[in-house]
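Asker: Okay, here's the structure, questions in a sec.
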Amino acid sequence: MATSSSSGSIANPRVRFAPSPTGFLHVGSARTFIFNWLYARRNGGTVILRLDDTDVERNTDASVNSIFEGLKWLGLGWDEEYKQSERLDLHRKIAWSIFERGLAYRDFTPAHTGDSEKSGAQGTWLFNPGMRELSPAESDRRAAAGEPFALRFRVPRDGQVVRFTDAVYGEQMKSGADIEDFALLRSDGMPTYHLASCADDADLRITHIIRGQDHLTNTFKHVLIFEAAGFAAPQFAHLPLLVAPDGTKLSKRRHGPVVSVTTYRDAGFLPEAFINFLCLLGWSPKDDRTKMSGEELIEIFSLEGINRANAVVNFKEPAITPEETFDPKAVWLNAEHIRGLAVEDLSTRLLPIVREQFPNVSAERMLQITPLIRERIKFLREVLSAADFFFVDQLPPYDPAELIPQKGDTAMARKALEKAQIVLPNVEFKHDPLDQALRAAAQELGLKAGQMFQPIRVAVCGRKNAPGLFETLEVLGKEVTLIRIGQALARVG
RNA sequence: GGCGCUAUCGUCUAACGGUUAGGACACGGCCCUCUCAAGGCUGUAAUACGGGUUCGAUUCCCGUUAGCGCUACCA
């Protein structure tokens with residue numbers, strides 16, 4: 001009877017992330033990588049990156065780049081790296097060892113024409129007629145004659161049941177009568193995914209296979225391969241899938257760039273926030289924590305916390321604004337992590353983004369501005385719209401009506417600005433002196449503080465919604481402040 | 001069609017068979033306040049359905065329904 005080991009914790013686990021380079025790095029793949037990484041780091045193990053590139057037809061360099069780009073951004077790293085395409089000899093050796101034991105056979109049936117439609121109403125397809133029972137002599141003869149063939153696994157059909165214990169889904173069993181004779185080697189000699197994956201997992205001494213639930217039923221085949229090749233099966237842990245709001249599997253074609261890791265990066269996500277968000281999909285710390293650092297995650301991550309139901313990534317299907325592109329919780333978590341960053345750290349991350357548009361901004365300047373916007377941005381890129389008035393020489397045109405304060409009129413705006421013009425030149429441009437001077441000025445004019453501040457704010461920022469006035473003026477400086485107030489006065493009419 | 005997996009607020013989730021079913025996001029209200037944020041308080045909102053088992057089911061069992069996955073010489 002085929003049975004995988006259901007061993008508990010292993011001292012130094014070896015885990016692997018095995019993407020196939022047939023598209024960009026998907027958020028679901030990223031989560032799989034993160035869970036593997038967390039498990040290894042938690043338990044003093046080793047992370048292996050393996051490119052499962054046995055499908056030469058569909059592999060692309062662009063995809064390889066996208067995967068590395070995405071992983072690099074996550075910043076987690078890995079310990080060993082392999083490419084399946086460089087290990088084909090091993091795969092073939094293992095395939096033929098299975099054949100030697102009589103557990104695989106040659107199938108000379110021409111390859112399927114490609115359409116996945118439909119073994120259909122017929123029920124499960126198990127094997128191609130005639131091939132499983134071909135005599136060894138006949139099989140050898142046809143092979144010697146140069147006839148192409150695929151190598152198929154001879155799934156035991158004498159009432160056998162294949163079993164394994166999944167760390168997430170528990171005891172699994174399936175009758176051999178429900179497992180088709182899957183291919184090991186294609187007719188061009190290339191190994192299939194199932195074979196290459198198992199051969200490498202065994203050879204690389206993988207102890208824990210943590211991967212998407214879409215592989216749960218494939219695992220029966222893998223258990224069969226491990227056993228046939230004489231290897232102990234590793235521990236399996238399958239992860240619930242990430243799905244779109246409509247319940248369908250995330251795909252580029254249907255859902256667009258939201259499923260690509262680099263989209264999050266380019267929108268101004270912090271990798272630690274993205275990781276935090278992904279961890280909360282299909283896994284729970286079992287307490288009320290939501291915001292967690294990488295260190296915290298390593299400390300508390302365990303396979304026991306993984307759920308079994310698929311998790312929805314809650315983005316709006318036709319996304320209008322950039323913000324709608326992402327799950328609101330991801331956005332909130334990002335803002336939360338941004339707020340939690342030290343000013344110096346955040347400033348360093350903001351600077352390169354700012355310099356894309358304003359190359360002359362200095363690190364010192366950025367450091368002054370950062371605390372003013374730290375609690376006002378949800379994405380790093382928002383620095384451009386939140387702090388633009390600090391960077392431009394000339395404010396873009398704004399509606400002069402904005403200068404008019406609450407329950408006020410043009411005359412009030414003019415009065416406030418003119419008063420500011422008189423008072424400000426003699427004030428030290430620091431928060432407290434500015435606060436005192438401007439409040440005193442408001443009182444003299446018989447205005448509420450807000451009525452005094454708004455015209456000034458709009459004059460220097462070009463809009464109503466902005467950081468606190470005094471800290472803004474302090475950073476902007478006396479000269480610029482007075483110039484902009486003068487310009488506002490000229491437009492207020 | 002066959003086989004497998006799953007089912008708690010709109011979403012992510014918590015709850016040794018005994019809780020007023022908890023938290024977070026989102027949404028609404030209030031407070032704070034120089035605007036916007038941030039922050040504090042607060043409100044609306046869930047155990048898919050039907051049967052069992054049990055003194056007692058969100059929890060265990062069966063069925064129904066729904067969703068997802070696999071069913072390739074893709075991975």
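FYI, nothing fancy with the structure tokens labels: chains A, B, ... in order, residues from 1 per chain, ligands from 1 as they appear.
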Using only C-alpha atoms (C1' of nucleotides), which chain A residues lie at most 6 Å away from chain B, written as a list in words?
Answerer: Ala111, Gly120, Ala121, Gly123, Thr124, Ala150, Arg186, Ser187, Asp214, Thr217, Asp288, Ala309, Lys329, Glu375, Arg376, Gly450, Phe453, Lys464, Asn465 and Ala466 of chain A
Asker: Suppose we keep N, CA and C atoms; can you now write the selection as a compact mmCIF listing (two decimals), in the first residue's frame?
Answerer:
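So out17.txt came out as:
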```
# COMPACT_ATOMS: atom_id res chain seq x y z
N ALA A 111 0.48 11.79 -29.47
CA ALA A 111 0.10 12.78 -28.45
C ALA A 111 -1.26 13.37 -28.74
N GLY A 120 -15.06 13.86 -20.75
CA GLY A 120 -16.47 14.18 -20.70
C GLY A 120 -17.39 13.17 -20.07
N ALA A 121 -18.50 12.96 -20.69
CA ALA A 121 -19.55 12.10 -20.14
C ALA A 121 -19.07 10.66 -19.95
N GLY A 123 -16.61 9.59 -18.28
CA GLY A 123 -16.01 9.29 -16.98
C GLY A 123 -14.52 9.49 -17.05
N THR A 124 -13.83 8.95 -16.09
CA THR A 124 -12.39 9.19 -16.01
C THR A 124 -11.64 8.42 -17.09
N ALA A 150 5.53 7.82 -25.22
CA ALA A 150 5.60 8.46 -23.91
C ALA A 150 5.74 7.35 -22.88
N ARG A 186 7.78 12.53 -21.88
CA ARG A 186 7.05 12.79 -23.13
C ARG A 186 7.77 12.10 -24.28
N SER A 187 7.10 12.11 -25.40
CA SER A 187 7.68 11.38 -26.53
C SER A 187 8.95 12.06 -27.05
N ASP A 214 -4.22 23.44 -5.60
CA ASP A 214 -4.47 22.88 -6.94
C ASP A 214 -3.64 21.61 -7.15
N THR A 217 -4.81 16.96 -5.43
CA THR A 217 -5.12 15.67 -6.05
C THR A 217 -3.93 15.12 -6.84
N ASP A 288 -5.68 38.39 17.84
CA ASP A 288 -6.26 39.54 17.15
C ASP A 288 -5.24 40.39 16.41
N ALA A 309 -10.23 26.86 3.40
CA ALA A 309 -11.11 27.46 2.39
C ALA A 309 -10.36 28.49 1.56
N LYS A 329 -7.86 46.10 2.51
CA LYS A 329 -7.06 45.73 3.68
C LYS A 329 -5.57 45.81 3.36
N GLU A 375 1.64 60.38 7.75
CA GLU A 375 0.32 59.88 8.12
C GLU A 375 -0.74 60.20 7.07
N ARG A 376 -0.30 60.70 5.93
CA ARG A 376 -1.27 61.12 4.93
C ARG A 376 -1.17 60.33 3.63
N GLY A 450 -9.34 79.18 11.89
CA GLY A 450 -9.48 78.50 10.62
C GLY A 450 -9.66 79.47 9.46
N PHE A 453 -6.26 80.78 8.73
CA PHE A 453 -5.29 79.80 8.21
C PHE A 453 -5.58 79.33 6.79
N LYS A 464 -6.71 73.05 -0.51
CA LYS A 464 -7.22 73.11 0.86
C LYS A 464 -6.68 71.99 1.74
N ASN A 465 -6.59 70.81 1.16
CA ASN A 465 -6.20 69.65 1.96
C ASN A 465 -4.69 69.47 1.94
N ALA A 466 -4.10 69.67 3.09
CA ALA A 466 -2.65 69.66 3.15
C ALA A 466 -2.22 69.38 4.59
```
Asker: List every residue of stretch 182-431 of chain A that DSSP, applied to the backbone of this structure, places in strand (DSSP E or B), and write the result as a list of chain:residue names.
Answerer: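 Everything in stretch 182-431 of chain A that counts as strand (DSSP E or B) is A:Ala183, A:Leu184, A:Leu185, A:Pro191, A:His208, A:Ile209, A:Ile210, A:Arg211, A:Gly212, A:Gln235, A:Phe236, A:Ala237, A:His238, A:Leu239, A:Leu242, A:Val243, A:Lys249, A:Ser260, A:Trp283, A:Ile306, A:Ala311, A:Val312.
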Asker: Once you have the residues from the selection above, write them out as a compact mmCIF listing (two decimals), in the first residue's frame, restricted to N, CA and C atoms.
Answerer:
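Saved the output as part-v7.txt:
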```txt
# COMPACT_ATOMS: atom_id res chain seq x y z
N ALA A 183 1.70 10.54 -17.46
CA ALA A 183 2.97 10.42 -18.16
C ALA A 183 4.14 10.80 -17.26
N LEU A 184 5.25 10.15 -17.49
CA LEU A 184 6.50 10.43 -16.79
C LEU A 184 7.46 11.15 -17.74
N LEU A 185 7.52 10.61 -18.96
CA LEU A 185 8.39 11.16 -20.00
C LEU A 185 7.53 11.40 -21.24
N PRO A 191 11.02 15.21 -19.41
CA PRO A 191 10.23 14.76 -18.27
C PRO A 191 8.98 15.62 -18.11
N HIS A 208 9.63 19.16 3.22
CA HIS A 208 8.26 19.66 3.30
C HIS A 208 7.88 20.32 1.97
N ILE A 209 6.81 19.86 1.39
CA ILE A 209 6.32 20.47 0.16
C ILE A 209 5.11 21.33 0.53
N ILE A 210 5.30 22.63 0.46
CA ILE A 210 4.23 23.57 0.78
C ILE A 210 3.85 24.25 -0.52
N ARG A 211 2.66 24.02 -1.00
CA ARG A 211 2.28 24.51 -2.33
C ARG A 211 0.77 24.70 -2.40
N GLY A 212 0.28 25.18 -3.52
CA GLY A 212 -1.14 25.47 -3.69
C GLY A 212 -2.00 24.21 -3.68
N GLN A 235 6.79 15.49 3.75
CA GLN A 235 5.53 15.96 4.35
C GLN A 235 4.89 16.96 3.37
N PHE A 236 3.59 16.82 3.19
CA PHE A 236 2.89 17.75 2.30
C PHE A 236 2.05 18.73 3.10
N ALA A 237 1.97 19.96 2.60
CA ALA A 237 1.08 20.96 3.20
C ALA A 237 0.51 21.77 2.04
N HIS A 238 -0.78 21.65 1.82
CA HIS A 238 -1.38 22.39 0.71
C HIS A 238 -2.09 23.64 1.21
N LEU A 239 -1.95 24.68 0.42
CA LEU A 239 -2.47 25.99 0.79
C LEU A 239 -3.77 26.28 0.05
N LEU A 242 -5.92 31.48 -3.72
CA LEU A 242 -6.33 32.88 -3.72
C LEU A 242 -7.26 33.08 -4.92
N VAL A 243 -8.44 33.62 -4.67
CA VAL A 243 -9.39 33.79 -5.76
C VAL A 243 -9.85 35.25 -5.88
N LYS A 249 -10.38 31.63 -10.00
CA LYS A 249 -8.95 31.67 -9.77
C LYS A 249 -8.37 32.94 -10.38
N SER A 260 -0.23 40.52 -10.47
CA SER A 260 1.23 40.52 -10.59
C SER A 260 1.89 41.24 -9.41
N TRP A 283 -4.18 32.13 6.24
CA TRP A 283 -3.45 31.78 7.46
C TRP A 283 -3.84 32.79 8.53
N ILE A 306 -2.90 27.40 9.12
CA ILE A 306 -3.37 27.53 7.74
C ILE A 306 -4.81 27.03 7.60
N ALA A 311 -9.37 31.91 -0.28
CA ALA A 311 -9.48 33.29 0.23
C ALA A 311 -9.64 34.26 -0.93
N VAL A 312 -10.55 35.21 -0.77
CA VAL A 312 -10.81 36.19 -1.81
C VAL A 312 -9.87 37.39 -1.67
```
Asker: Pick from A:Gly477, A:Gly268, A:Pro19, A:Gly247: nearest to A:Pro352, with only C-alpha atoms counted?
Answerer: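 Nearest to A:Pro352: A:Gly268.
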Asker: Please extract the residues of stretch 294-493 of chain A with a backbone DSSP assignment of helix (DSSP H, G or I) and present them as a PyMOL selection string.
Answerer: chain A and resi 294-300+303-305+322-325+328-340+343-357+363-373+380-386+388-391+400-403+410-426+431-445+449-461+469-476+478-492
Asker: So, counting only C-alpha atoms (C1' of nucleotides), which residue among B:U42, B:C9, B:C27, B:C16 is closest to B:U59?
Answerer: B:C16
Asker: I'd like the neighbourhood of stretch 45-58 of chain A as a ChimeraX atom specification, where a residue qualifies if any of its atoms comes within 8 Å (using only C-alpha atoms (C1' of nucleotides)), though same-chain residues fewer than 5 positions away should be ignored.
Answerer: /A:11-22,36-37,39-40,78-85,190-193,196-197 /B:74-75
Asker: Give me the residues within 10 Å of stretch 136-147 of chain A as number ranges by chain, counting only C-alpha atoms (C1' of nucleotides) and dropping any in the same chain fewer than 6 places off.
Answerer: A: 102, 105-109, 187
Asker: Could you write out that same residue set with N, CA and C atoms as a PDB file, in the first residue's frame?
Answerer:
```pdb
ATOM      1  N   GLY A 102       9.093  -2.310 -13.704  1.00  0.00           N
ATOM      2  CA  GLY A 102       7.799  -2.718 -14.250  1.00  0.00           C
ATOM      3  C   GLY A 102       6.652  -1.829 -13.822  1.00  0.00           C
ATOM      4  N   TYR A 105       5.262   1.998 -18.329  1.00  0.00           N
ATOM      5  CA  TYR A 105       5.252   1.324 -19.636  1.00  0.00           C
ATOM      6  C   TYR A 105       5.282   2.355 -20.756  1.00  0.00           C
ATOM      7  N   ARG A 106       5.661   1.881 -21.923  1.00  0.00           N
ATOM      8  CA  ARG A 106       5.708   2.770 -23.088  1.00  0.00           C
ATOM      9  C   ARG A 106       4.312   2.905 -23.686  1.00  0.00           C
ATOM     10  N   ASP A 107       3.954   4.117 -24.033  1.00  0.00           N
ATOM     11  CA  ASP A 107       2.674   4.367 -24.700  1.00  0.00           C
ATOM     12  C   ASP A 107       2.978   4.961 -26.071  1.00  0.00           C
ATOM     13  N   PHE A 108       2.658   4.182 -27.115  1.00  0.00           N
ATOM     14  CA  PHE A 108       2.974   4.616 -28.477  1.00  0.00           C
ATOM     15  C   PHE A 108       1.852   5.415 -29.120  1.00  0.00           C
ATOM     16  N   THR A 109       0.786   5.659 -28.378  1.00  0.00           N
ATOM     17  CA  THR A 109      -0.327   6.445 -28.911  1.00  0.00           C
ATOM     18  C   THR A 109       0.158   7.859 -29.224  1.00  0.00           C
ATOM     19  N   SER A 187       7.100  12.109 -25.403  1.00  0.00           N
ATOM     20  CA  SER A 187       7.680  11.381 -26.534  1.00  0.00           C
ATOM     21  C   SER A 187       8.951  12.059 -27.053  1.00  0.00           C
TER      22      SER A 187
END
```
